[in-house]
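As stored in data23.txt (compact mmCIF, C-alpha atoms and all ligand atoms):
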# COMPACT_ATOMS: atom_id res chain seq x y z
CA MET A 1043 -13.05 7.72 -8.01
CA VAL A 1044 -16.82 7.82 -8.09
CA GLY A 1045 -16.85 4.73 -10.32
CA LYS A 1046 -14.60 2.94 -7.86
CA ARG A 1047 -16.87 3.84 -4.96
CA VAL A 1048 -19.91 2.57 -6.85
CA LEU A 1049 -18.07 -0.69 -7.56
CA GLY A 1050 -17.05 -1.00 -3.92
CA PHE A 1051 -20.66 -0.43 -2.95
CA LEU A 1052 -21.77 -3.13 -5.41
CA GLY A 1053 -19.25 -5.50 -3.89
CA VAL A 1054 -20.55 -4.83 -0.38
CA LEU A 1055 -24.11 -5.18 -1.64
CA SER A 1056 -23.45 -8.60 -3.13
CA ALA A 1057 -21.71 -9.65 0.09
CA VAL A 1058 -24.66 -8.46 2.20
CA ALA A 1059 -27.05 -10.21 -0.14
CA GLY A 1060 -25.10 -13.35 0.73
CA ILE A 1061 -24.61 -14.53 -2.82
CA SER A 1062 -23.05 -17.88 -2.17
CA LEU A 1063 -22.59 -21.27 -3.67
CA ALA A 1064 -24.90 -24.03 -2.68
CA GLY A 1065 -22.50 -26.79 -3.71
CA GLY A 1066 -19.23 -27.71 -2.04
CA ALA A 1067 -18.35 -28.32 1.56
CA ARG A 1068 -18.97 -24.72 2.57
CA ALA A 1069 -20.86 -21.88 0.96
CA GLN A 1070 -18.39 -19.55 -0.71
CA GLU A 1071 -19.04 -15.90 -1.28
CA ILE A 1072 -18.78 -14.88 -4.92
CA VAL A 1073 -16.49 -11.88 -5.03
CA GLY A 1074 -14.42 -11.37 -8.13
CA VAL A 1075 -17.07 -11.24 -10.84
CA PRO A 1076 -17.89 -8.58 -13.40
CA HIS A 1077 -20.93 -6.37 -12.76
CA GLU A 1078 -23.33 -4.88 -15.25
CA TRP A 1079 -22.37 -1.39 -16.43
CA GLN A 1080 -19.02 -1.78 -14.79
CA MET A 1081 -16.49 0.88 -15.70
CA SER A 1082 -12.78 1.21 -14.99
CA PHE A 1083 -10.91 -1.58 -13.21
CA PRO A 1084 -12.61 -4.34 -11.24
CA PRO A 1085 -12.23 -4.00 -7.47
CA SER A 1086 -8.77 -4.92 -6.26
CA TYR A 1087 -8.13 -7.95 -4.02
CA THR A 1088 -4.33 -7.99 -3.88
CA THR A 1089 -1.56 -5.46 -3.18
CA VAL A 1090 -0.32 -5.95 -6.75
CA MET A 1091 -3.68 -4.77 -8.12
CA ASP A 1092 -3.63 -1.81 -5.68
CA LYS A 1093 -0.32 -0.76 -7.20
CA VAL A 1094 -1.58 -1.32 -10.77
CA GLU A 1095 -4.48 1.00 -9.98
CA SER A 1096 -2.32 3.72 -8.48
CA LEU A 1097 0.07 3.64 -11.46
CA HIS A 1098 -2.96 3.88 -13.74
CA ASN A 1099 -4.27 6.86 -11.77
CA LEU A 1100 -0.89 8.62 -12.05
CA LEU A 1101 -0.78 8.00 -15.84
CA LEU A 1102 -4.34 9.25 -16.18
CA VAL A 1103 -3.38 12.59 -14.61
CA ILE A 1104 -0.25 12.93 -16.77
CA ILE A 1105 -1.99 12.04 -20.04
CA THR A 1106 -4.92 14.35 -19.25
CA LEU A 1107 -2.59 17.30 -18.59
CA ILE A 1108 -0.63 16.60 -21.82
CA SER A 1109 -3.83 16.30 -23.88
CA LEU A 1110 -5.23 19.55 -22.44
CA PHE A 1111 -1.92 21.34 -23.08
CA VAL A 1112 -1.79 20.18 -26.72
CA LEU A 1113 -5.47 21.06 -27.21
CA ALA A 1114 -4.90 24.56 -25.79
CA LEU A 1115 -1.89 25.06 -28.11
CA LEU A 1116 -3.95 23.97 -31.14
CA ILE A 1117 -6.83 26.28 -30.26
CA TYR A 1118 -4.38 29.16 -29.74
CA VAL A 1119 -2.67 28.52 -33.10
CA VAL A 1120 -5.96 28.25 -34.99
CA PHE A 1121 -7.21 31.60 -33.66
CA ARG A 1122 -4.00 33.61 -33.26
CA PHE A 1123 -2.47 32.67 -36.60
CA HIS A 1124 -5.59 32.65 -38.74
CA VAL A 1125 -4.93 34.40 -42.09
CA SER A 1126 -7.29 37.25 -41.13
CA ARG A 1127 -5.33 38.00 -37.93
CA ASN A 1128 -1.86 37.14 -39.21
CA PRO A 1129 -1.68 38.07 -42.93
CA ALA A 1130 2.15 38.11 -43.09
CA PRO A 1131 3.44 34.82 -41.59
CA SER A 1132 6.78 34.78 -39.78
CA SER A 1133 9.70 33.18 -41.64
CA VAL A 1134 11.45 31.96 -38.46
CA THR A 1135 12.52 28.31 -38.82
CA HIS A 1136 14.60 27.65 -35.67
CA ASN A 1137 14.35 28.40 -32.00
CA THR A 1138 17.10 26.65 -30.07
CA VAL A 1139 15.60 27.18 -26.62
CA LEU A 1140 12.22 25.87 -27.72
CA GLU A 1141 13.77 22.84 -29.45
CA ILE A 1142 15.79 21.89 -26.38
CA ALA A 1143 12.69 22.33 -24.21
CA TRP A 1144 10.47 20.11 -26.31
CA THR A 1145 13.16 17.41 -26.25
CA ILE A 1146 14.01 17.57 -22.54
CA VAL A 1147 10.49 17.93 -21.14
CA PRO A 1148 9.13 14.70 -22.73
CA ILE A 1149 12.25 12.86 -21.50
CA LEU A 1150 11.57 14.07 -17.97
CA ILE A 1151 7.93 12.99 -18.25
CA LEU A 1152 9.02 9.53 -19.44
CA VAL A 1153 11.44 9.23 -16.51
CA VAL A 1154 8.66 10.19 -14.09
CA ILE A 1155 6.54 7.40 -15.64
CA ALA A 1156 9.38 4.86 -15.84
CA ILE A 1157 10.32 4.93 -12.14
CA PRO A 1158 6.97 3.71 -10.69
CA SER A 1159 6.44 1.53 -13.77
CA PHE A 1160 9.67 -0.45 -13.28
CA ARG A 1161 9.09 -0.58 -9.54
CA LEU A 1162 5.70 -2.24 -10.14
CA LEU A 1163 7.14 -4.55 -12.80
CA TYR A 1164 9.75 -5.91 -10.37
CA TYR A 1165 7.29 -6.01 -7.48
CA SER A 1166 4.84 -8.21 -9.40
CA ASP A 1167 7.49 -10.26 -11.18
CA LYS A 1168 8.73 -12.55 -8.40
CA ALA A 1169 7.35 -13.53 -5.02
CA ALA A 1170 9.76 -12.37 -2.34
CA ASP A 1171 8.88 -15.08 0.17
CA ALA A 1172 6.35 -17.51 -1.28
CA ALA A 1173 4.81 -20.08 1.06
CA MET A 1174 3.79 -22.40 -1.75
CA THR A 1175 3.75 -22.80 -5.52
CA VAL A 1176 0.96 -23.55 -7.94
CA LYS A 1177 1.90 -24.48 -11.48
CA VAL A 1178 -0.64 -23.41 -14.07
CA THR A 1179 -0.68 -25.13 -17.45
CA GLY A 1180 -2.88 -23.88 -20.27
CA HIS A 1181 -4.31 -26.55 -22.53
CA GLN A 1182 -6.63 -26.31 -25.52
CA TRP A 1183 -9.06 -25.65 -23.83
CA TYR A 1184 -8.85 -26.05 -20.10
CA TRP A 1185 -6.56 -25.23 -17.19
CA GLN A 1186 -4.47 -27.63 -15.18
CA TYR A 1187 -3.28 -26.75 -11.67
CA GLU A 1188 -0.39 -28.61 -10.06
CA TYR A 1189 0.54 -28.36 -6.39
CA PRO A 1190 4.19 -29.49 -6.35
CA ASP A 1191 4.82 -28.82 -2.65
CA GLN A 1192 1.50 -30.21 -1.41
CA GLY A 1193 2.13 -33.77 -2.52
CA ASN A 1194 2.42 -33.01 -6.23
CA PHE A 1195 -1.16 -33.75 -7.23
CA SER A 1196 -2.82 -31.95 -10.10
CA ILE A 1197 -6.38 -31.04 -11.01
CA ASP A 1198 -8.00 -30.25 -14.33
CA SER A 1199 -10.37 -27.32 -14.46
CA ARG A 1200 -12.90 -27.40 -17.26
CA ILE A 1201 -15.91 -25.22 -18.00
CA LEU A 1202 -19.27 -26.59 -16.88
CA ALA A 1203 -21.85 -27.16 -19.59
CA GLU A 1204 -24.69 -24.65 -19.22
CA ALA A 1205 -27.17 -27.30 -18.02
CA ASP A 1206 -24.71 -28.48 -15.35
CA ARG A 1207 -23.96 -24.93 -14.24
CA ILE A 1208 -27.66 -24.26 -13.66
CA LYS A 1209 -27.94 -27.50 -11.71
CA GLU A 1210 -24.70 -27.41 -9.69
CA LYS A 1211 -23.47 -23.80 -9.45
CA PRO A 1212 -26.40 -21.53 -10.36
CA GLN A 1213 -24.92 -18.45 -8.66
CA VAL A 1214 -21.82 -18.46 -10.83
CA PRO A 1215 -22.27 -16.27 -13.92
CA ARG A 1216 -22.66 -17.99 -17.27
CA LEU A 1217 -19.39 -19.07 -18.92
CA LEU A 1218 -17.44 -18.70 -15.67
CA ALA A 1219 -18.33 -21.94 -13.85
CA VAL A 1220 -15.83 -24.79 -13.84
CA ASP A 1221 -15.91 -28.33 -12.47
CA ASN A 1222 -12.76 -28.03 -10.30
CA GLU A 1223 -11.66 -24.62 -9.11
CA MET A 1224 -8.11 -23.73 -8.25
CA VAL A 1225 -8.08 -23.66 -4.44
CA ILE A 1226 -5.62 -21.55 -2.45
CA PRO A 1227 -5.33 -20.46 1.18
CA VAL A 1228 -6.17 -16.89 2.21
CA ASN A 1229 -3.43 -14.42 3.24
CA THR A 1230 -0.67 -16.62 1.84
CA THR A 1231 1.91 -15.63 -0.74
CA ILE A 1232 1.56 -18.05 -3.61
CA ARG A 1233 4.05 -18.32 -6.41
CA ILE A 1234 2.33 -18.91 -9.74
CA ILE A 1235 4.42 -20.50 -12.44
CA GLY A 1236 2.77 -20.97 -15.79
CA THR A 1237 3.39 -22.73 -19.05
CA GLY A 1238 1.44 -23.70 -22.15
CA ALA A 1239 0.98 -27.32 -23.19
CA ASP A 1240 0.08 -26.60 -26.80
CA VAL A 1241 -0.28 -22.92 -27.69
CA MET A 1242 -0.02 -19.65 -25.78
CA HIS A 1243 -2.77 -18.94 -23.24
CA GLY A 1244 -3.22 -16.11 -20.76
CA TRP A 1245 -3.86 -16.81 -17.07
CA THR A 1246 -5.60 -13.60 -16.09
CA VAL A 1247 -7.59 -12.78 -12.97
CA PRO A 1248 -8.26 -9.02 -13.12
CA GLY A 1249 -9.03 -8.56 -9.41
CA PHE A 1250 -5.66 -10.14 -8.51
CA GLY A 1251 -3.69 -7.88 -10.86
CA ILE A 1252 -2.17 -10.91 -12.58
CA LYS A 1253 -2.00 -11.54 -16.30
CA LYS A 1254 0.53 -14.16 -17.17
CA THR A 1255 0.96 -15.25 -20.75
CA VAL A 1256 1.77 -18.95 -20.54
CA ILE A 1257 4.04 -20.13 -23.34
CA PRO A 1258 4.95 -23.68 -24.43
CA GLY A 1259 8.55 -24.46 -23.51
CA ARG A 1260 8.83 -21.61 -21.02
CA LEU A 1261 7.97 -21.00 -17.39
CA ASN A 1262 6.60 -17.59 -16.49
CA GLU A 1263 6.37 -16.48 -12.90
CA GLY A 1264 4.09 -14.25 -10.89
CA TRP A 1265 2.51 -14.26 -7.46
CA ILE A 1266 -0.71 -13.58 -5.61
CA ASN A 1267 -1.68 -13.05 -2.00
CA VAL A 1268 -5.43 -12.71 -1.60
CA GLU A 1269 -6.64 -10.98 1.55
CA HIS A 1270 -10.22 -12.26 1.67
CA GLU A 1271 -11.82 -15.64 1.26
CA GLY A 1272 -14.17 -15.99 -1.67
CA TYR A 1273 -14.75 -17.08 -5.21
CA TYR A 1274 -12.84 -15.16 -7.88
CA PHE A 1275 -12.96 -15.35 -11.65
CA GLY A 1276 -10.91 -14.60 -14.71
CA GLN A 1277 -10.63 -15.71 -18.31
CA CYS A 1278 -7.98 -16.82 -20.75
CA SER A 1279 -6.64 -13.61 -22.26
CA GLN A 1280 -4.63 -14.93 -25.18
CA ILE A 1281 -6.50 -15.91 -28.32
CA CYS A 1282 -5.72 -19.62 -28.20
CA GLY A 1283 -8.06 -21.22 -30.70
CA GLU A 1284 -11.63 -22.27 -31.28
CA ASN A 1285 -12.69 -22.62 -27.63
CA HIS A 1286 -10.70 -19.72 -26.22
CA THR A 1287 -13.92 -18.30 -24.74
CA TYR A 1288 -14.65 -21.53 -22.92
CA MET A 1289 -11.72 -21.88 -20.56
CA PRO A 1290 -12.64 -19.64 -17.62
CA ILE A 1291 -10.46 -19.33 -14.53
CA ALA A 1292 -12.16 -19.90 -11.19
CA VAL A 1293 -10.22 -19.52 -7.95
CA ARG A 1294 -11.58 -20.45 -4.53
CA VAL A 1295 -9.76 -18.71 -1.69
CA VAL A 1296 -10.37 -20.56 1.58
CA SER A 1297 -9.08 -20.57 5.16
CA LYS A 1298 -5.80 -22.37 5.80
CA ALA A 1299 -7.55 -25.18 7.70
CA GLU A 1300 -10.01 -25.67 4.87
CA PHE A 1301 -7.17 -25.67 2.36
CA ASP A 1302 -5.33 -28.41 4.27
CA LYS A 1303 -8.54 -30.46 4.30
CA TRP A 1304 -8.95 -29.97 0.55
CA VAL A 1305 -5.31 -30.99 -0.04
CA GLU A 1306 -5.87 -34.20 1.94
CA GLN A 1307 -8.96 -34.99 -0.15
CA GLN A 1308 -7.09 -34.37 -3.40
CA LYS A 1309 -4.16 -36.50 -2.28
CA LYS A 1310 -6.50 -39.32 -1.33
CA ALA A 1311 -8.29 -39.05 -4.67
CA ALA A 1312 -4.96 -39.15 -6.50
CA GLY A 1313 -3.80 -42.17 -4.47
CA LEU A 1314 -0.91 -40.18 -3.01
CA ILE A 1315 -1.53 -40.92 0.64
CA PRO A 1316 0.59 -44.00 1.41
CA ARG A 1317 -1.24 -47.13 2.45
CA THR A 1318 -0.17 -48.85 5.62
CA ILE A 1319 2.64 -51.12 4.48
CA ALA A 1320 3.05 -53.10 7.70
CA PRO A 1321 -0.31 -53.66 9.40
CA THR A 1322 -0.15 -54.02 13.19
CA ASN A 1323 -1.26 -57.67 13.04
CA PRO A 1324 -0.11 -59.04 9.70
CA PRO A 1325 -1.99 -62.15 8.73
CA THR A 1326 0.36 -65.11 8.94
CA GLY A 1327 1.49 -66.48 5.63
CA LEU A 1328 1.64 -63.06 3.94
CA ALA A 1329 4.72 -61.84 5.76
CA SER A 1330 7.04 -63.93 3.56
CA ALA A 1331 5.57 -62.21 0.49
CA THR A 1332 6.87 -58.80 1.58
CA VAL A 1333 9.14 -57.30 -1.09
CA PRO A 1334 12.26 -55.72 0.40
CA ALA A 1335 12.28 -51.94 -0.04
CA ASN A 1336 14.79 -50.03 -2.19
CA ARG A 1337 15.94 -52.93 -4.29
CU CU B 1 -6.50 -20.14 -23.78
This structure in structure tokens:
Amino acid sequence: MVGKRVLGFLGVLSAVAGISLAGGARAQEIVGVPHEWQMSFPPSYTTVMDKVESLHNLLLVIITLISLFVLALLIYVVFRFHVSRNPAPSSVTHNTVLEIAWTIVPILILVVIAIPSFRLLYYSDKAADAAMTVKVTGHQWYWQYEYPDQGNFSIDSRILAEADRIKEKPQVPRLLAVDNEMVIPVNTTIRIIGTGADVMHGWTVPGFGIKKTVIPGRLNEGWINVEHEGYYFGQCSQICGENHTYMPIAVRVVSKAEFDKWVEQQKKAAGLIPRTIAPTNPPTGLASATVPANR
């Protein structure tokens, strides 16, 4: 708890300090980054991560109680049944009540763990009502993001060379800066579907509570809904080859208006915005060259 409070304080501190990016259309607050001497989970930015944390806290209590119980039993046995205190050992080999107890009690503990565990698994598995989809493809060694319902453009996201990072995005920690970030709107449920182009990769952003192993020939699904605008980071979490370390994940969460603007820019860059086919005053002579549509 204390660790979490310290982390929360660090987060607020960095926000107050106004750590922001100089580049880009608008300065973006850097939120989801690791901190020095960080312990436990990173701060949570989605409801999925909130639930991951609370399941972890429940398990921590259960495992601590079990460990203390076993330790107490061991200490008791070592002292009580030492040869000096117990020179004639008992020859009892069975105790039915005890045997039933040590079978049933662990089953009950596992059931207590399984219920919230499955609930979380199904909660994070599929987006109930996603507003949009982003397809993530892991390549050796970069990420590709496709926006199928925003005009079906795609962007490649590659790590910035250290010299470029210092020049263009100096506030982003080393090895986490990319040329094109994944951009998503704030407070929107986004379905993430992922696949691997060559080998298995892991699309993992700890603060979002998402860790999707992306596998060639398969589509894996998850979802995110980020509550605050900002710049968030993750890393590939599946050993995927020589440059596994050098395919960071950078996500820019922006307002809906800003997202729409970004989509328009991307569509223009990809040549997806249709040109005017019939100008208002077509120059004479060209009209006969018009190719009939849908031939
Ligand atoms: Cu990878």
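The list of residues with at least one atom within 8 Å of stretch 1169-1171 of chain A, based on all atoms listed in the file and without residues fewer than 4 positions apart in the same chain, reads Tyr1165, Thr1231, Ile1232, Arg1233, Gly1264 and Trp1265 of chain A.
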Give me the chain A side of the contact with ligand CU 1 (chain B), cut-off 7 Å, one line per residue showing its nearest atom pair and distance in Å at one decimal, counting only C-alpha atoms and all ligand atoms, sorted by chain and residue number, as CSV.
residue,atom,partner,partner_atom,distance
A:Gly1180,CA,B:CU1,CU,6.3
A:His1181,CA,B:CU1,CU,6.9
A:Gln1182,CA,B:CU1,CU,6.4
A:Trp1183,CA,B:CU1,CU,6.1
A:Met1242,CA,B:CU1,CU,6.8
A:His1243,CA,B:CU1,CU,4.0
A:Gly1244,CA,B:CU1,CU,6.0
A:Cys1278,CA,B:CU1,CU,4.7
A:Ser1279,CA,B:CU1,CU,6.7
A:Gln1280,CA,B:CU1,CU,5.7
A:Ile1281,CA,B:CU1,CU,6.2
A:Cys1282,CA,B:CU1,CU,4.5
A:His1286,CA,B:CU1,CU,4.9
A:Met1289,CA,B:CU1,CU,6.4
Those residues you just picked out, can you put them in a file as a PDB file, in the coordinates of the input with C-alpha atoms?
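Below is the file result-v4.pdb, written as the result:
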ATOM      1  CA  GLY A1180      -2.880 -23.880 -20.270  1.00  0.00           C
ATOM      2  CA  HIS A1181      -4.310 -26.550 -22.530  1.00  0.00           C
ATOM      3  CA  GLN A1182      -6.630 -26.310 -25.520  1.00  0.00           C
ATOM      4  CA  TRP A1183      -9.060 -25.650 -23.830  1.00  0.00           C
ATOM      5  CA  MET A1242      -0.020 -19.650 -25.780  1.00  0.00           C
ATOM      6  CA  HIS A1243      -2.770 -18.940 -23.240  1.00  0.00           C
ATOM      7  CA  GLY A1244      -3.220 -16.110 -20.760  1.00  0.00           C
ATOM      8  CA  CYS A1278      -7.980 -16.820 -20.750  1.00  0.00           C
ATOM      9  CA  SER A1279      -6.640 -13.610 -22.260  1.00  0.00           C
ATOM     10  CA  GLN A1280      -4.630 -14.930 -25.180  1.00  0.00           C
ATOM     11  CA  ILE A1281      -6.500 -15.910 -28.320  1.00  0.00           C
ATOM     12  CA  CYS A1282      -5.720 -19.620 -28.200  1.00  0.00           C
ATOM     13  CA  HIS A1286     -10.700 -19.720 -26.220  1.00  0.00           C
ATOM     14  CA  MET A1289     -11.720 -21.880 -20.560  1.00  0.00           C
TER      15      MET A1289
END
> Do you know which residues lie at most 6 Å from (3.7, -22.4, -22.8), with coordinates as in the file and all atoms listed in the file counted, and could you write them as a PyMOL selection string?
Replying inline: chain A and resi 1237-1239+1242+1256-1260
> Between atom CA of A:Val1119 and atom CA of A:His1136, what is the spacing in Å?
Replying inline: 17.5 Å
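Rounded to one decimal, atom CA of A:Ile1108 and atom CA of A:Ile1142 lie 17.8 Å from each other.
Note that the spacing between atom CA of A:Val1268 and atom CA of A:Glu1095 amounts to 16.1 Å.
You can rank A:Ile1266, A:Ala1156, A:Val1120, A:Ala1173 by their closest distance to A:Gly1249 using all atoms listed in the file, and at the top of that list sits A:Ile1266.
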> Can you tell me, as a count of residues only, what residues are no more than 7 Å from A:Met1091 when counting all atoms listed in the file, ignoring any on the same chain fewer than 5 positions away?
Replying inline: 4
Output stretch 1130-1164 of chain A with N, CA and C atoms present, as a compact mmCIF listing (two decimals), keeping the file's coordinate frame.
# COMPACT_ATOMS: atom_id res chain seq x y z
N ALA A 1130 0.75 38.31 -42.65
CA ALA A 1130 2.15 38.11 -43.09
C ALA A 1130 2.84 37.13 -42.15
N PRO A 1131 2.89 35.82 -42.50
CA PRO A 1131 3.44 34.82 -41.59
C PRO A 1131 4.93 35.05 -41.33
N SER A 1132 5.37 34.65 -40.14
CA SER A 1132 6.78 34.78 -39.78
C SER A 1132 7.60 33.76 -40.57
N SER A 1133 8.84 34.12 -40.89
CA SER A 1133 9.70 33.18 -41.64
C SER A 1133 10.72 32.51 -40.73
N VAL A 1134 10.53 32.60 -39.41
CA VAL A 1134 11.45 31.96 -38.46
C VAL A 1134 11.37 30.44 -38.60
N THR A 1135 12.54 29.77 -38.69
CA THR A 1135 12.52 28.31 -38.82
C THR A 1135 13.14 27.61 -37.62
N HIS A 1136 13.94 28.28 -36.81
CA HIS A 1136 14.60 27.65 -35.67
C HIS A 1136 14.43 28.47 -34.41
N ASN A 1137 14.31 27.74 -33.30
CA ASN A 1137 14.35 28.40 -32.00
C ASN A 1137 15.01 27.41 -31.04
N THR A 1138 16.29 27.62 -30.81
CA THR A 1138 17.10 26.65 -30.07
C THR A 1138 16.51 26.35 -28.69
N VAL A 1139 16.12 27.39 -27.98
CA VAL A 1139 15.60 27.18 -26.62
C VAL A 1139 14.36 26.30 -26.66
N LEU A 1140 13.47 26.63 -27.60
CA LEU A 1140 12.22 25.87 -27.72
C LEU A 1140 12.50 24.41 -28.10
N GLU A 1141 13.46 24.21 -29.00
CA GLU A 1141 13.77 22.84 -29.45
C GLU A 1141 14.37 22.00 -28.31
N ILE A 1142 15.23 22.63 -27.52
CA ILE A 1142 15.79 21.89 -26.38
C ILE A 1142 14.67 21.57 -25.38
N ALA A 1143 13.79 22.52 -25.18
CA ALA A 1143 12.69 22.33 -24.21
C ALA A 1143 11.79 21.18 -24.64
N TRP A 1144 11.42 21.18 -25.93
CA TRP A 1144 10.47 20.11 -26.31
C TRP A 1144 11.15 18.75 -26.50
N THR A 1145 12.47 18.71 -26.32
CA THR A 1145 13.16 17.41 -26.25
C THR A 1145 13.30 16.97 -24.79
N ILE A 1146 13.72 17.92 -23.94
CA ILE A 1146 14.01 17.57 -22.54
C ILE A 1146 12.72 17.28 -21.75
N VAL A 1147 11.70 18.08 -21.96
CA VAL A 1147 10.49 17.93 -21.14
C VAL A 1147 9.84 16.54 -21.33
N PRO A 1148 9.67 16.07 -22.59
CA PRO A 1148 9.13 14.70 -22.73
C PRO A 1148 10.01 13.64 -22.09
N ILE A 1149 11.36 13.84 -22.14
CA ILE A 1149 12.25 12.86 -21.50
C ILE A 1149 11.98 12.83 -20.00
N LEU A 1150 11.84 14.01 -19.40
CA LEU A 1150 11.57 14.07 -17.97
C LEU A 1150 10.24 13.39 -17.63
N ILE A 1151 9.24 13.62 -18.50
CA ILE A 1151 7.93 12.99 -18.25
C ILE A 1151 8.07 11.47 -18.32
N LEU A 1152 8.83 10.98 -19.31
CA LEU A 1152 9.02 9.53 -19.44
C LEU A 1152 9.76 8.95 -18.23
N VAL A 1153 10.72 9.71 -17.69
CA VAL A 1153 11.44 9.23 -16.51
C VAL A 1153 10.47 9.15 -15.32
N VAL A 1154 9.65 10.18 -15.19
CA VAL A 1154 8.66 10.19 -14.09
C VAL A 1154 7.74 8.97 -14.21
N ILE A 1155 7.40 8.58 -15.45
CA ILE A 1155 6.54 7.40 -15.64
C ILE A 1155 7.33 6.11 -15.41
N ALA A 1156 8.59 6.11 -15.88
CA ALA A 1156 9.38 4.86 -15.84
C ALA A 1156 9.66 4.40 -14.42
N ILE A 1157 9.91 5.33 -13.51
CA ILE A 1157 10.32 4.93 -12.14
C ILE A 1157 9.23 4.08 -11.47
N PRO A 1158 7.99 4.57 -11.32
CA PRO A 1158 6.97 3.71 -10.69
C PRO A 1158 6.62 2.49 -11.53
N SER A 1159 6.77 2.63 -12.88
CA SER A 1159 6.44 1.53 -13.77
C SER A 1159 7.38 0.34 -13.56
N PHE A 1160 8.69 0.62 -13.52
CA PHE A 1160 9.67 -0.45 -13.28
C PHE A 1160 9.53 -1.01 -11.88
N ARG A 1161 9.25 -0.12 -10.93
CA ARG A 1161 9.09 -0.58 -9.54
C ARG A 1161 7.95 -1.61 -9.46
N LEU A 1162 6.85 -1.32 -10.14
CA LEU A 1162 5.70 -2.24 -10.14
C LEU A 1162 6.03 -3.53 -10.89
N LEU A 1163 6.76 -3.38 -12.00
CA LEU A 1163 7.14 -4.55 -12.80
C LEU A 1163 7.93 -5.54 -11.95
N TYR A 1164 8.92 -5.02 -11.20
CA TYR A 1164 9.75 -5.91 -10.37
C TYR A 1164 8.98 -6.41 -9.16
